[in-house]
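Here is the file query.cif (mmCIF, C-alpha atoms and all ligand atoms).
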```cif
data_model
#
loop_
_atom_site.label_atom_id
_atom_site.label_comp_id
_atom_site.auth_asym_id
_atom_site.auth_seq_id
_atom_site.Cartn_x
_atom_site.Cartn_y
_atom_site.Cartn_z
CA MET Q 1 68.37 75.98 122.99
CA PRO Q 2 66.82 79.39 122.46
CA SER Q 3 63.43 79.40 120.87
CA ARG Q 4 61.74 82.54 119.72
CA PRO Q 5 58.39 83.23 118.19
CA ALA Q 6 59.19 85.46 115.24
CA ALA Q 7 57.06 88.21 113.82
CA GLY Q 8 57.85 86.72 110.45
CA SER Q 9 60.14 84.14 109.06
CA SER Q 10 61.92 86.67 106.95
CA PRO Q 11 65.57 85.90 106.52
CA ALA Q 12 66.29 89.56 106.10
CA ARG Q 13 63.98 91.29 108.50
CA GLY Q 14 64.73 94.99 108.50
CA SER Q 15 67.73 94.70 106.26
CA PRO Q 16 67.35 95.07 102.54
CA ALA Q 17 69.19 92.79 100.19
CA VAL Q 18 71.85 94.81 98.46
CA GLY Q 19 73.77 92.29 96.51
CA GLU Q 20 72.37 89.34 94.65
CA VAL Q 21 75.04 88.16 92.32
CA GLU Q 22 75.84 85.40 89.88
CA PRO Q 23 72.35 84.53 88.60
CA LYS Q 24 72.53 81.16 86.89
CA ASP Q 25 69.86 79.05 85.24
CA GLN Q 26 69.50 75.65 86.83
CA GLN Q 27 67.39 72.71 85.86
CA VAL Q 28 65.25 71.17 88.60
CA MET Q 29 66.77 67.81 89.51
CA VAL Q 30 64.22 65.01 89.51
CA ALA Q 31 64.91 61.69 91.23
CA LEU Q 32 62.63 58.66 91.47
CA ARG Q 33 62.48 56.21 94.36
CA ILE Q 34 60.69 52.86 94.10
CA ARG Q 35 59.95 51.35 97.50
CA PRO Q 36 59.82 47.59 98.25
CA LEU Q 37 56.53 45.69 97.82
CA ASN Q 38 54.67 45.62 101.13
CA ASP Q 39 52.77 42.76 102.82
CA LEU Q 40 49.38 44.09 101.80
CA GLU Q 41 50.40 44.23 98.16
CA LEU Q 42 51.82 40.70 98.35
CA GLU Q 43 48.57 39.47 99.94
CA ASP Q 44 46.68 41.09 97.08
CA GLY Q 45 48.78 39.08 94.65
CA ALA Q 46 50.48 42.16 93.23
CA THR Q 47 53.45 41.74 90.93
CA VAL Q 48 56.35 44.14 90.43
CA ILE Q 49 55.77 46.39 87.43
CA ALA Q 50 58.23 49.26 88.10
CA HIS Q 51 61.81 48.29 87.26
CA LYS Q 52 64.97 50.32 87.57
CA VAL Q 53 67.25 49.93 84.55
CA GLY Q 54 70.71 51.41 84.94
CA ASP Q 55 71.09 54.54 87.06
CA GLN Q 56 68.55 56.76 85.36
CA VAL Q 57 65.84 54.71 83.69
CA VAL Q 58 62.63 53.27 85.03
CA VAL Q 59 60.41 50.95 83.04
CA LEU Q 60 56.74 50.72 83.99
CA MET Q 61 54.82 47.73 82.65
CA ASP Q 62 51.08 47.99 82.13
CA PRO Q 63 49.51 45.05 84.02
CA GLY Q 64 46.24 45.52 82.13
CA GLU Q 65 47.71 44.80 78.74
CA ASP Q 66 47.61 41.26 77.49
CA PRO Q 67 50.80 40.29 75.65
CA GLU Q 68 48.84 37.59 73.80
CA ASP Q 69 46.35 40.14 72.45
CA PRO Q 70 47.00 40.29 68.67
CA LEU Q 71 45.74 43.90 68.56
CA ARG Q 72 48.55 44.85 70.95
CA THR Q 73 51.39 43.04 69.27
CA HIS Q 74 52.71 46.18 67.62
CA GLN Q 75 52.38 48.30 70.73
CA SER Q 76 54.89 48.32 73.51
CA ARG Q 77 53.58 47.29 76.90
CA GLU Q 78 56.24 49.33 78.54
CA LYS Q 79 56.57 52.98 79.38
CA THR Q 80 60.11 54.17 79.84
CA PHE Q 81 61.06 57.32 81.75
CA ILE Q 82 64.48 58.86 82.26
CA PHE Q 83 65.26 60.81 85.43
CA ASP Q 84 68.39 62.35 86.88
CA THR Q 85 68.66 59.38 89.18
CA VAL Q 86 66.53 56.34 90.01
CA PHE Q 87 66.57 54.31 93.24
CA ASP Q 88 64.96 50.94 93.77
CA GLN Q 89 64.21 48.98 96.95
CA GLN Q 90 67.90 48.26 97.45
CA ALA Q 91 68.84 51.93 97.86
CA SER Q 92 69.79 52.95 101.39
CA GLN Q 93 68.72 56.20 103.01
CA GLU Q 94 72.33 57.37 102.78
CA GLU Q 95 72.54 56.68 99.04
CA VAL Q 96 69.36 58.66 98.46
CA TYR Q 97 70.70 61.56 100.54
CA ARG Q 98 74.10 61.57 98.83
CA ALA Q 99 72.68 61.55 95.32
CA THR Q 100 69.93 64.12 95.83
CA THR Q 101 70.61 66.51 98.66
CA GLN Q 102 74.21 66.46 99.84
CA HIS Q 103 75.36 68.78 97.05
CA LEU Q 104 72.95 71.49 98.23
CA VAL Q 105 74.47 71.91 101.68
CA GLU Q 106 77.62 73.86 100.78
CA GLY Q 107 75.49 76.19 98.67
CA VAL Q 108 73.09 76.92 101.55
CA ILE Q 109 76.03 77.83 103.81
CA SER Q 110 77.38 80.20 101.20
CA GLY Q 111 74.06 81.97 100.70
CA TYR Q 112 72.05 80.04 98.13
CA ASN Q 113 68.47 78.87 98.55
CA ALA Q 114 67.59 75.23 98.06
CA THR Q 115 64.48 73.06 98.16
CA VAL Q 116 63.99 69.32 98.33
CA PHE Q 117 60.50 67.98 98.06
CA ALA Q 118 59.08 64.49 98.24
CA TYR Q 119 56.17 63.82 95.92
CA GLY Q 120 54.04 60.75 95.30
CA PRO Q 121 50.88 58.84 96.18
CA SER Q 122 49.89 57.88 99.71
CA GLY Q 123 52.09 55.12 101.12
CA ALA Q 124 54.74 55.40 98.40
CA GLY Q 125 57.52 56.30 100.87
CA LYS Q 126 57.75 60.12 101.09
CA THR Q 127 57.92 60.33 104.90
CA HIS Q 128 60.35 57.40 104.94
CA THR Q 129 62.67 59.34 102.63
CA MET Q 130 62.37 62.69 104.41
CA LEU Q 131 62.05 61.78 108.12
CA GLY Q 132 62.90 58.07 108.18
CA THR Q 133 63.36 56.27 111.48
CA ASP Q 134 65.92 56.39 114.31
CA ALA Q 135 67.67 53.40 112.77
CA GLU Q 136 67.42 54.73 109.23
CA PRO Q 137 67.25 58.51 109.42
CA GLY Q 138 66.07 60.30 106.34
CA ILE Q 139 67.07 63.43 104.50
CA TYR Q 140 66.15 65.85 107.34
CA LEU Q 141 68.67 64.48 109.83
CA GLN Q 142 71.38 63.64 107.32
CA THR Q 143 71.22 67.15 105.87
CA LEU Q 144 71.36 68.83 109.27
CA THR Q 145 74.23 66.64 110.47
CA HIS Q 146 76.21 67.50 107.35
CA LEU Q 147 75.26 71.18 107.64
CA PHE Q 148 76.53 71.48 111.23
CA ARG Q 149 79.74 69.62 110.38
CA ALA Q 150 80.40 71.94 107.43
CA ILE Q 151 79.69 75.01 109.57
CA GLU Q 152 82.10 73.75 112.23
CA GLU Q 153 84.81 73.64 109.59
CA THR Q 154 84.32 77.31 108.72
CA ARG Q 155 84.25 78.42 112.37
CA ASP Q 156 87.69 80.05 112.26
CA SER Q 157 86.82 82.28 109.34
CA ALA Q 158 83.09 82.95 109.74
CA ASP Q 159 80.27 83.35 112.24
CA CYS Q 160 77.26 81.21 111.42
CA SER Q 161 73.82 80.96 112.92
CA VAL Q 162 71.21 78.37 112.06
CA SER Q 163 67.51 78.50 112.80
CA MET Q 164 64.66 76.26 111.79
CA SER Q 165 60.91 76.20 111.65
CA TYR Q 166 58.53 73.33 110.92
CA LEU Q 167 54.98 73.78 109.70
CA GLU Q 168 52.16 71.90 108.07
CA ILE Q 169 49.61 73.00 105.54
CA TYR Q 170 46.41 71.12 106.28
CA ASN Q 171 43.16 71.91 104.48
CA GLU Q 172 44.73 75.18 103.28
CA ALA Q 173 45.55 76.30 106.85
CA ILE Q 174 49.09 76.71 108.18
CA ARG Q 175 49.97 75.24 111.60
CA ASP Q 176 53.22 75.58 113.51
CA LEU Q 177 54.36 72.02 114.23
CA LEU Q 178 56.83 73.25 116.87
CA ASN Q 179 54.07 75.12 118.66
CA PRO Q 180 50.72 73.69 117.53
CA SER Q 181 48.75 75.64 120.16
CA SER Q 182 49.49 78.89 118.32
CA GLY Q 183 46.54 78.31 115.99
CA PHE Q 184 46.50 79.03 112.29
CA LEU Q 185 49.20 81.26 110.87
CA ASP Q 186 49.08 83.77 108.06
CA LEU Q 187 51.17 83.73 104.94
CA ARG Q 188 52.35 87.18 103.90
CA GLU Q 189 54.39 88.55 101.07
CA ASP Q 190 56.74 91.43 101.81
CA ALA Q 191 57.53 94.32 99.46
CA ARG Q 192 60.28 92.30 97.81
CA GLY Q 193 57.92 89.40 97.13
CA SER Q 194 59.52 87.24 99.81
CA ILE Q 195 57.07 84.94 101.61
CA GLN Q 196 56.77 85.28 105.39
CA ILE Q 197 54.81 83.27 107.92
CA ALA Q 198 53.64 85.57 110.66
CA GLY Q 199 54.21 84.25 114.17
CA ILE Q 200 56.04 81.03 113.27
CA THR Q 201 58.42 79.62 115.90
CA GLU Q 202 62.06 79.71 114.88
CA VAL Q 203 64.40 77.52 116.88
CA SER Q 204 68.17 77.98 117.02
CA THR Q 205 70.23 74.93 117.75
CA SER Q 206 73.50 73.45 116.62
CA ASN Q 207 72.68 69.91 117.51
CA ALA Q 208 71.25 67.69 114.78
CA GLN Q 209 70.09 65.09 117.29
CA GLU Q 210 68.11 67.72 119.17
CA ILE Q 211 66.55 68.78 115.89
CA MET Q 212 65.56 65.19 115.10
CA GLN Q 213 63.77 65.04 118.46
CA LEU Q 214 61.95 68.25 117.62
CA LEU Q 215 61.01 66.95 114.21
CA THR Q 216 59.80 63.61 115.49
CA LYS Q 217 57.74 65.45 118.10
CA GLY Q 218 56.52 67.90 115.46
CA ASN Q 219 55.66 65.03 113.16
CA ARG Q 220 53.48 63.50 115.87
CA GLN Q 221 51.54 66.76 115.80
CA ARG Q 222 51.14 66.39 112.07
CA THR Q 223 47.69 65.46 110.90
CA GLN Q 224 47.85 61.73 110.22
CA GLU Q 225 45.05 59.25 109.67
CA PRO Q 226 44.86 55.69 108.45
CA THR Q 227 43.61 55.42 104.88
CA ALA Q 228 43.19 52.29 102.83
CA ALA Q 229 46.51 53.10 101.17
CA ASN Q 230 48.57 53.82 104.31
CA GLN Q 231 48.01 53.12 108.02
CA THR Q 232 49.80 56.33 109.03
CA SER Q 233 48.95 58.52 106.10
CA SER Q 234 50.08 62.15 106.39
CA ARG Q 235 47.12 64.25 105.43
CA SER Q 236 49.09 67.49 105.29
CA HIS Q 237 52.11 68.96 103.55
CA ALA Q 238 55.00 69.35 106.03
CA VAL Q 239 57.66 72.00 105.46
CA LEU Q 240 60.94 72.13 107.38
CA GLN Q 241 62.72 75.40 106.78
CA VAL Q 242 66.37 75.85 107.79
CA THR Q 243 67.95 79.30 107.58
CA VAL Q 244 71.72 79.78 107.68
CA ARG Q 245 73.23 83.24 108.18
CA GLN Q 246 76.97 83.49 107.66
CA ARG Q 247 79.18 86.52 108.24
CA SER Q 248 82.83 86.41 107.42
CA ARG Q 249 85.10 87.40 110.33
CA ALA Q 250 87.19 89.40 107.88
CA THR Q 251 84.43 91.88 107.02
CA ASP Q 252 83.97 95.15 108.86
CA LEU Q 253 80.99 96.24 110.94
CA ALA Q 254 78.82 96.89 107.91
CA GLY Q 255 79.94 93.63 106.31
CA ALA Q 256 77.75 91.49 104.11
CA VAL Q 257 75.87 88.50 105.45
CA ARG Q 258 75.29 85.44 103.30
CA LEU Q 259 71.87 84.06 103.83
CA GLY Q 260 70.80 80.61 102.63
CA ARG Q 261 67.40 79.05 103.08
CA LEU Q 262 66.72 75.35 102.75
CA PHE Q 263 63.17 74.04 102.42
CA MET Q 264 62.58 70.33 102.92
CA VAL Q 265 59.02 69.39 102.05
CA ASP Q 266 57.13 66.16 102.65
CA LEU Q 267 54.01 66.53 100.55
CA ALA Q 268 50.71 64.84 101.35
CA GLY Q 269 49.82 61.83 99.24
CA SER Q 270 48.73 62.57 95.70
CA GLU Q 271 46.20 59.71 95.62
CA ARG Q 272 42.79 60.17 94.17
CA ALA Q 273 39.84 59.99 96.60
CA SER Q 274 38.34 56.99 94.81
CA GLN Q 275 41.55 55.00 95.21
CA THR Q 276 41.72 55.29 98.98
CA GLN Q 277 38.00 54.72 99.52
CA ASN Q 278 37.94 57.91 101.52
CA ARG Q 279 34.64 59.32 102.70
CA GLY Q 280 33.52 62.34 104.74
CA VAL Q 281 36.33 64.27 106.41
CA ARG Q 282 38.99 62.18 104.65
CA MET Q 283 37.39 63.00 101.33
CA LYS Q 284 37.31 66.72 102.13
CA GLU Q 285 40.99 66.51 103.06
CA GLY Q 286 41.62 64.66 99.83
CA ALA Q 287 39.95 67.49 97.93
CA HIS Q 288 42.20 70.08 99.65
CA ILE Q 289 45.29 67.94 99.12
CA ASN Q 290 44.36 67.47 95.51
CA ARG Q 291 43.62 71.16 95.14
CA SER Q 292 47.09 72.19 96.28
CA LEU Q 293 48.75 69.38 94.36
CA LEU Q 294 46.71 70.36 91.33
CA ALA Q 295 47.88 73.96 91.76
CA LEU Q 296 51.44 72.61 92.09
CA GLY Q 297 50.90 70.55 88.94
CA ASN Q 298 49.56 73.58 87.07
CA CYS Q 299 52.62 75.60 88.09
CA ILE Q 300 54.90 72.75 87.04
CA ASN Q 301 53.11 72.56 83.68
CA ALA Q 302 53.29 76.29 83.07
CA LEU Q 303 56.92 76.47 84.17
CA SER Q 304 58.00 73.48 82.13
CA GLU Q 305 56.27 74.84 79.02
CA LYS Q 306 57.69 78.30 79.22
CA GLY Q 307 61.25 77.02 78.80
CA GLY Q 308 63.70 79.90 78.75
CA SER Q 309 61.11 82.69 78.59
CA ARG Q 310 60.40 84.34 81.93
CA ALA Q 311 57.45 86.32 80.58
CA GLN Q 312 54.82 83.57 80.75
CA TYR Q 313 52.37 83.89 83.63
CA VAL Q 314 52.52 81.20 86.30
CA ASN Q 315 49.80 81.27 88.90
CA PHE Q 316 51.39 80.57 92.27
CA ARG Q 317 48.49 82.15 94.14
CA ASP Q 318 46.08 79.23 93.77
CA SER Q 319 47.18 77.51 96.97
CA LYS Q 320 49.26 78.10 100.11
CA LEU Q 321 51.61 75.35 99.03
CA THR Q 322 52.47 76.99 95.71
CA ARG Q 323 52.79 80.42 97.33
CA LEU Q 324 55.27 78.96 99.78
CA LEU Q 325 57.16 77.07 97.08
CA LYS Q 326 57.17 79.97 94.64
CA ASP Q 327 60.91 80.50 94.88
CA ALA Q 328 61.63 76.79 94.84
CA LEU Q 329 59.78 76.40 91.57
CA GLY Q 330 60.08 79.58 89.63
CA GLY Q 331 62.71 81.64 91.32
CA ASN Q 332 65.87 81.68 93.29
CA SER Q 333 66.45 78.13 94.45
CA ARG Q 334 68.33 74.97 93.64
CA THR Q 335 65.51 72.48 93.60
CA VAL Q 336 65.31 68.71 93.85
CA MET Q 337 62.12 66.70 93.50
CA ILE Q 338 62.11 63.12 94.74
CA ALA Q 339 59.14 61.30 93.26
CA HIS Q 340 58.01 58.08 94.91
CA VAL Q 341 56.13 55.07 93.59
CA SER Q 342 55.13 51.62 94.74
CA PRO Q 343 56.38 48.86 92.42
CA ALA Q 344 53.04 47.02 92.67
CA SER Q 345 50.82 46.17 89.72
CA THR Q 346 47.84 47.19 91.90
CA HIS Q 347 49.15 50.80 91.89
CA PHE Q 348 49.77 51.11 88.17
CA GLU Q 349 47.55 54.16 87.59
CA GLU Q 350 49.05 56.26 90.40
CA SER Q 351 52.57 55.23 89.45
CA ARG Q 352 51.96 56.20 85.85
CA SER Q 353 50.56 59.63 86.73
CA THR Q 354 53.37 60.21 89.26
CA LEU Q 355 55.99 59.40 86.65
CA LEU Q 356 54.36 61.72 84.11
CA TYR Q 357 54.08 64.52 86.69
CA ALA Q 358 57.71 64.12 87.75
CA TYR Q 359 58.91 63.84 84.18
CA ARG Q 360 57.33 67.20 83.38
CA ALA Q 361 59.10 68.81 86.33
CA LYS Q 362 62.43 68.00 84.68
CA ASN Q 363 61.89 70.88 82.27
CA ILE Q 364 61.64 73.51 84.98
CA LYS Q 365 64.47 75.96 85.26
CA THR Q 366 65.17 78.15 88.23
CA ARG Q 367 67.48 81.14 88.39
CA VAL Q 368 69.88 80.82 91.25
CA LYS Q 369 71.72 83.68 92.86
CA ARG Q 370 73.58 84.15 96.10
CA ASN Q 371 71.74 86.19 98.74
CA LEU Q 372 73.96 88.87 100.18
CA LEU Q 373 72.52 91.16 102.80
CA LYS Q 374 73.96 94.48 103.84
CA VAL Q 375 73.65 94.43 107.55
CA SER Q 376 73.51 97.82 109.14
CA TYR Q 377 74.44 97.16 112.71
CA HIS Q 378 71.52 97.19 115.07
CA ILE Q 379 71.64 99.60 117.99
CA ALA Q 380 71.80 96.62 120.31
CA GLN Q 381 74.94 95.44 118.59
CA TYR Q 382 76.53 98.91 118.87
CA THR Q 383 75.62 98.88 122.57
CA ASP Q 384 77.46 95.60 122.88
CA VAL Q 385 80.51 97.06 121.17
CA ILE Q 386 80.43 100.13 123.47
CA SER Q 387 80.07 97.93 126.57
CA ASP Q 388 83.04 95.86 125.45
CA LEU Q 389 85.11 99.01 124.96
CA ARG Q 390 84.02 100.36 128.38
CA ARG Q 391 85.03 97.11 130.04
CA GLU Q 392 88.39 97.31 128.31
CA ILE Q 393 88.90 100.93 129.52
CA GLU Q 394 87.99 99.89 133.08
CA ARG Q 395 90.41 97.00 132.93
CA LEU Q 396 93.23 99.27 131.72
CA GLN Q 397 92.37 101.95 134.31
CA CYS Q 398 92.53 99.31 137.03
CA LYS Q 399 95.87 98.16 135.76
CA VAL Q 400 97.26 101.72 135.78
CA GLU Q 401 95.90 102.36 139.28
CA LYS Q 402 97.44 99.16 140.59
CA GLN Q 403 100.75 100.09 139.09
CA GLU Q 404 100.60 103.55 140.67
CA GLU Q 405 99.72 102.05 144.06
CA GLN Q 406 102.60 99.65 143.76
CA GLU Q 407 104.97 102.49 142.97
CA GLN Q 408 103.73 104.51 145.97
CA SER Q 409 104.04 101.57 148.38
CA GLU Q 410 107.61 100.88 147.26
CA PRO Q 411 109.02 104.41 146.84
CA GLY Q 412 112.60 103.24 147.15
CA VAL Q 413 112.49 101.07 144.09
CA GLN Q 414 112.42 103.89 141.57
CA ASP Q 415 114.82 106.13 143.51
CA ALA Q 416 117.30 103.41 144.06
CA PRO Q 417 119.64 104.12 141.16
CA GLU Q 418 119.86 107.77 142.20
CA LYS Q 419 120.61 106.82 145.84
CA LEU Q 420 123.19 104.38 144.70
CA GLN Q 421 124.82 107.13 142.65
CA MET Q 422 124.89 109.42 145.71
CA VAL Q 423 126.58 106.70 147.73
N1 LIG Q 501 62.28 52.58 100.79
C1 LIG Q 501 61.59 51.98 101.76
N2 LIG Q 501 62.12 50.93 102.42
C2 LIG Q 501 61.44 50.32 103.40
N3 LIG Q 501 60.20 50.69 103.82
C3 LIG Q 501 59.62 51.73 103.20
C4 LIG Q 501 60.28 52.43 102.15
N4 LIG Q 501 59.47 53.40 101.73
C5 LIG Q 501 58.37 53.32 102.49
N5 LIG Q 501 58.45 52.32 103.36
C6 LIG Q 501 57.41 51.94 104.36
O1 LIG Q 501 56.14 52.04 103.72
C7 LIG Q 501 55.18 52.64 104.59
C8 LIG Q 501 54.57 53.91 103.97
O2 LIG Q 501 55.61 54.85 103.78
P1 LIG Q 501 55.44 56.41 104.09
O3 LIG Q 501 54.63 56.64 105.32
O4 LIG Q 501 56.80 56.99 104.03
O5 LIG Q 501 54.57 56.83 102.82
P2 LIG Q 501 54.09 58.30 102.41
O6 LIG Q 501 54.36 58.42 100.97
O7 LIG Q 501 54.71 59.32 103.30
O8 LIG Q 501 52.54 58.18 102.65
P3 LIG Q 501 51.44 59.34 102.98
O9 LIG Q 501 51.39 60.25 101.84
O10 LIG Q 501 50.17 58.56 103.14
O11 LIG Q 501 51.88 59.97 104.26
C9 LIG Q 501 55.90 52.93 105.89
O12 LIG Q 501 55.66 51.87 106.77
C10 LIG Q 501 57.36 52.96 105.50
O13 LIG Q 501 58.20 52.57 106.55
#
```
Could you spell out this file's structure in structure tokens?
Ligand SMILES: Nc1ncnc2c1ncn2[C@@H]1O[C@H](COP(=O)(O)OP(=O)(O)OP(=O)(O)O)[C@@H](O)[C@H]1O
Amino acid sequence: MPSRPAAGSSPARGSPAVGEVEPKDQQVMVALRIRPLNDLELEDGATVIAHKVGDQVVVLMDPGEDPEDPLRTHQSREKTFIFDTVFDQQASQEEVYRATTQHLVEGVISGYNATVFAYGPSGAGKTHTMLGTDAEPGIYLQTLTHLFRAIEETRDSADCSVSMSYLEIYNEAIRDLLNPSSGFLDLREDARGSIQIAGITEVSTSNAQEIMQLLTKGNRQRTQEPTAANQTSSRSHAVLQVTVRQRSRATDLAGAVRLGRLFMVDLAGSERASQTQNRGVRMKEGAHINRSLLALGNCINALSEKGGSRAQYVNFRDSKLTRLLKDALGGNSRTVMIAHVSPASTHFEESRSTLLYAYRAKNIKTRVKRNLLKVSYHIAQYTDVISDLRREIERLQCKVEKQEEQEQSEPGVQDAPEKLQMV
């Protein structure tokens, strides 16, 4: 499995994009997942207040409201939200994958960008959805398995290469989770406004299982600490980026390459510091997490308000997270947000704010176009072609020489008809 530290994560290093066709407006897809009640919540006497109704509706009851209160009799105790799809505790990892992410895979292979991100408070189930466990793998592994299978099916007509990188943003610093000793990495924007991470490790592999091992190992490097809300709380945002380059076998040397990028993001918990009883370092982390999630929220607000108009200013520069997700939110990407909540009455406030946040994201539109790159052949590739041709010439020369030798060693064979005639 070749692994190379790249000067940048640019999909198109050194080769300008020449054709970006078929721009289409797309609504961000927003899904909601409600996890099962956990032991701690049961011990605390929590009741279930988040209910899935049908495929798209979630009803959140307010545990603080007293149904007997005469002042409340004319007010509904319920808040109802509609999403593209809603999953409750019965939903399997596969169902979640099929309904949210599977449809993105073909697009990535044919040159479209896509982003899936998990959002929600600490302990609500984001890492479970994205990474999962060996027995119940999450979206990362299911996506990659499907991706490699789909690529295998196009092998006769196209050459494909896949590379991936895995990073975390912790306290506004970027760390390479595949090579944590490389220190903090810089985020850069190239002339075309494309975001690059200088020095990130890109790994090429065609084996999903191998990738899962890398991710599990990378995830162990991820900054995790127990908080009151989650024993293994991820204190950072984790971003798995998969890049697929596809070149049709039918195209000539200067043929176009389709380039699709898939971001899969497991955000840090969106809890408020007071809720997790965090102090000291944890509180500082919380402030950073909240800062980037606040910046993300501001972008979501601005983007959802601007509707069809592209002129309104959206500030992506407020945090590393929003700079990295700029395309996913406001640009060229098919984007899916999976919001997560606990069903417990003890988490009403976070669930309510998560649902409002996610509901707003439904209004965001992105403008999706296929990325086509004109690849001018690198000198190294021309050298390869020349070497191949040289080898072919040598092979043919050898063949000719052998034939000549054979003719010389058996002179009678060619003259035979003549001799026969003379006889
Ligand atoms: N749908 C689910 N089914 C079963 N168990 C779940 C589900 N969702 C979450 N859990 C369990 O709940 C616990 C917390 O989940 P997880 O670590 O995924 O939360 P998180 O949102 O990533 O939290 P943090 O932001 O603190 O990292 C884990 O033990 C996980 O296995």
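Take atom CA of Leu294 of chain Q and atom CA of Phe316 of chain Q: the distance between them is 11.3 Å.
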Distance query Arg367 of chain Q at most 7 Å, all atoms listed in the file, self and fewer than 2 positions along chain excluded, as a ChimeraX atom specification: /Q:23-26,331-333,365,369
Output C-alpha atoms of each residue in that selection to a file, as an mmCIF file, in the frame of the given file.
```cif
data_model
loop_
_atom_site.group_PDB
_atom_site.id
_atom_site.type_symbol
_atom_site.label_atom_id
_atom_site.label_comp_id
_atom_site.auth_asym_id
_atom_site.auth_seq_id
_atom_site.Cartn_x
_atom_site.Cartn_y
_atom_site.Cartn_z
ATOM 1 C CA PRO Q 23 72.350 84.530 88.600
ATOM 2 C CA LYS Q 24 72.530 81.160 86.890
ATOM 3 C CA ASP Q 25 69.860 79.050 85.240
ATOM 4 C CA GLN Q 26 69.500 75.650 86.830
ATOM 5 C CA GLY Q 331 62.710 81.640 91.320
ATOM 6 C CA ASN Q 332 65.870 81.680 93.290
ATOM 7 C CA SER Q 333 66.450 78.130 94.450
ATOM 8 C CA LYS Q 365 64.470 75.960 85.260
ATOM 9 C CA LYS Q 369 71.720 83.680 92.860
#
```
Residues within 12 Å of Met130 of chain Q, all atoms listed in the file, excluding chain neighbours under 5 positions, as JSON, numbers by chain: {"Q": [33, 93, 94, 96, 97, 100, 101, 116, 117, 118, 119, 125, 136, 137, 138, 139, 140, 141, 142, 143, 144, 212, 215, 216, 219, 238, 239, 240, 263, 264, 265, 266, 267, 337, 338, 339, 340]}
Would you mind exporting C-alpha atoms of the selected residues as a PDB file, in the coordinates of the input?
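Final output, saved to out21.pdb:
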```pdb
ATOM      1  CA  ARG Q  33      62.480  56.210  94.360  1.00  0.00           C
ATOM      2  CA  GLN Q  93      68.720  56.200 103.010  1.00  0.00           C
ATOM      3  CA  GLU Q  94      72.330  57.370 102.780  1.00  0.00           C
ATOM      4  CA  VAL Q  96      69.360  58.660  98.460  1.00  0.00           C
ATOM      5  CA  TYR Q  97      70.700  61.560 100.540  1.00  0.00           C
ATOM      6  CA  THR Q 100      69.930  64.120  95.830  1.00  0.00           C
ATOM      7  CA  THR Q 101      70.610  66.510  98.660  1.00  0.00           C
ATOM      8  CA  VAL Q 116      63.990  69.320  98.330  1.00  0.00           C
ATOM      9  CA  PHE Q 117      60.500  67.980  98.060  1.00  0.00           C
ATOM     10  CA  ALA Q 118      59.080  64.490  98.240  1.00  0.00           C
ATOM     11  CA  TYR Q 119      56.170  63.820  95.920  1.00  0.00           C
ATOM     12  CA  GLY Q 125      57.520  56.300 100.870  1.00  0.00           C
ATOM     13  CA  GLU Q 136      67.420  54.730 109.230  1.00  0.00           C
ATOM     14  CA  PRO Q 137      67.250  58.510 109.420  1.00  0.00           C
ATOM     15  CA  GLY Q 138      66.070  60.300 106.340  1.00  0.00           C
ATOM     16  CA  ILE Q 139      67.070  63.430 104.500  1.00  0.00           C
ATOM     17  CA  TYR Q 140      66.150  65.850 107.340  1.00  0.00           C
ATOM     18  CA  LEU Q 141      68.670  64.480 109.830  1.00  0.00           C
ATOM     19  CA  GLN Q 142      71.380  63.640 107.320  1.00  0.00           C
ATOM     20  CA  THR Q 143      71.220  67.150 105.870  1.00  0.00           C
ATOM     21  CA  LEU Q 144      71.360  68.830 109.270  1.00  0.00           C
ATOM     22  CA  MET Q 212      65.560  65.190 115.100  1.00  0.00           C
ATOM     23  CA  LEU Q 215      61.010  66.950 114.210  1.00  0.00           C
ATOM     24  CA  THR Q 216      59.800  63.610 115.490  1.00  0.00           C
ATOM     25  CA  ASN Q 219      55.660  65.030 113.160  1.00  0.00           C
ATOM     26  CA  ALA Q 238      55.000  69.350 106.030  1.00  0.00           C
ATOM     27  CA  VAL Q 239      57.660  72.000 105.460  1.00  0.00           C
ATOM     28  CA  LEU Q 240      60.940  72.130 107.380  1.00  0.00           C
ATOM     29  CA  PHE Q 263      63.170  74.040 102.420  1.00  0.00           C
ATOM     30  CA  MET Q 264      62.580  70.330 102.920  1.00  0.00           C
ATOM     31  CA  VAL Q 265      59.020  69.390 102.050  1.00  0.00           C
ATOM     32  CA  ASP Q 266      57.130  66.160 102.650  1.00  0.00           C
ATOM     33  CA  LEU Q 267      54.010  66.530 100.550  1.00  0.00           C
ATOM     34  CA  MET Q 337      62.120  66.700  93.500  1.00  0.00           C
ATOM     35  CA  ILE Q 338      62.110  63.120  94.740  1.00  0.00           C
ATOM     36  CA  ALA Q 339      59.140  61.300  93.260  1.00  0.00           C
ATOM     37  CA  HIS Q 340      58.010  58.080  94.910  1.00  0.00           C
TER      38      HIS Q 340
END
```
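Between Pro63 of chain Q and the residues Q:Glu78, Q:Glu202, Q:Asp134, Q:Asp159, the shortest atom-to-atom distance, using only C-alpha atoms, involves Q:Glu78.
Taking atom CA of Lys217 of chain Q as the reference point, atom CA of Gln102 of chain Q is found at 24.6 Å.
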Show which residues sit within 7 Å of segment 362-364 of chain Q, as a PDB file with C-alpha atoms, in the coordinates of the input. Count only C-alpha atoms, and ignore same-chain residues fewer than 6 positions away.
```pdb
ATOM      1  CA  GLN Q  27      67.390  72.710  85.860  1.00  0.00           C
ATOM      2  CA  VAL Q  28      65.250  71.170  88.600  1.00  0.00           C
ATOM      3  CA  MET Q  29      66.770  67.810  89.510  1.00  0.00           C
ATOM      4  CA  VAL Q  30      64.220  65.010  89.510  1.00  0.00           C
ATOM      5  CA  LEU Q 303      56.920  76.470  84.170  1.00  0.00           C
ATOM      6  CA  SER Q 304      58.000  73.480  82.130  1.00  0.00           C
TER       7      SER Q 304
END
```
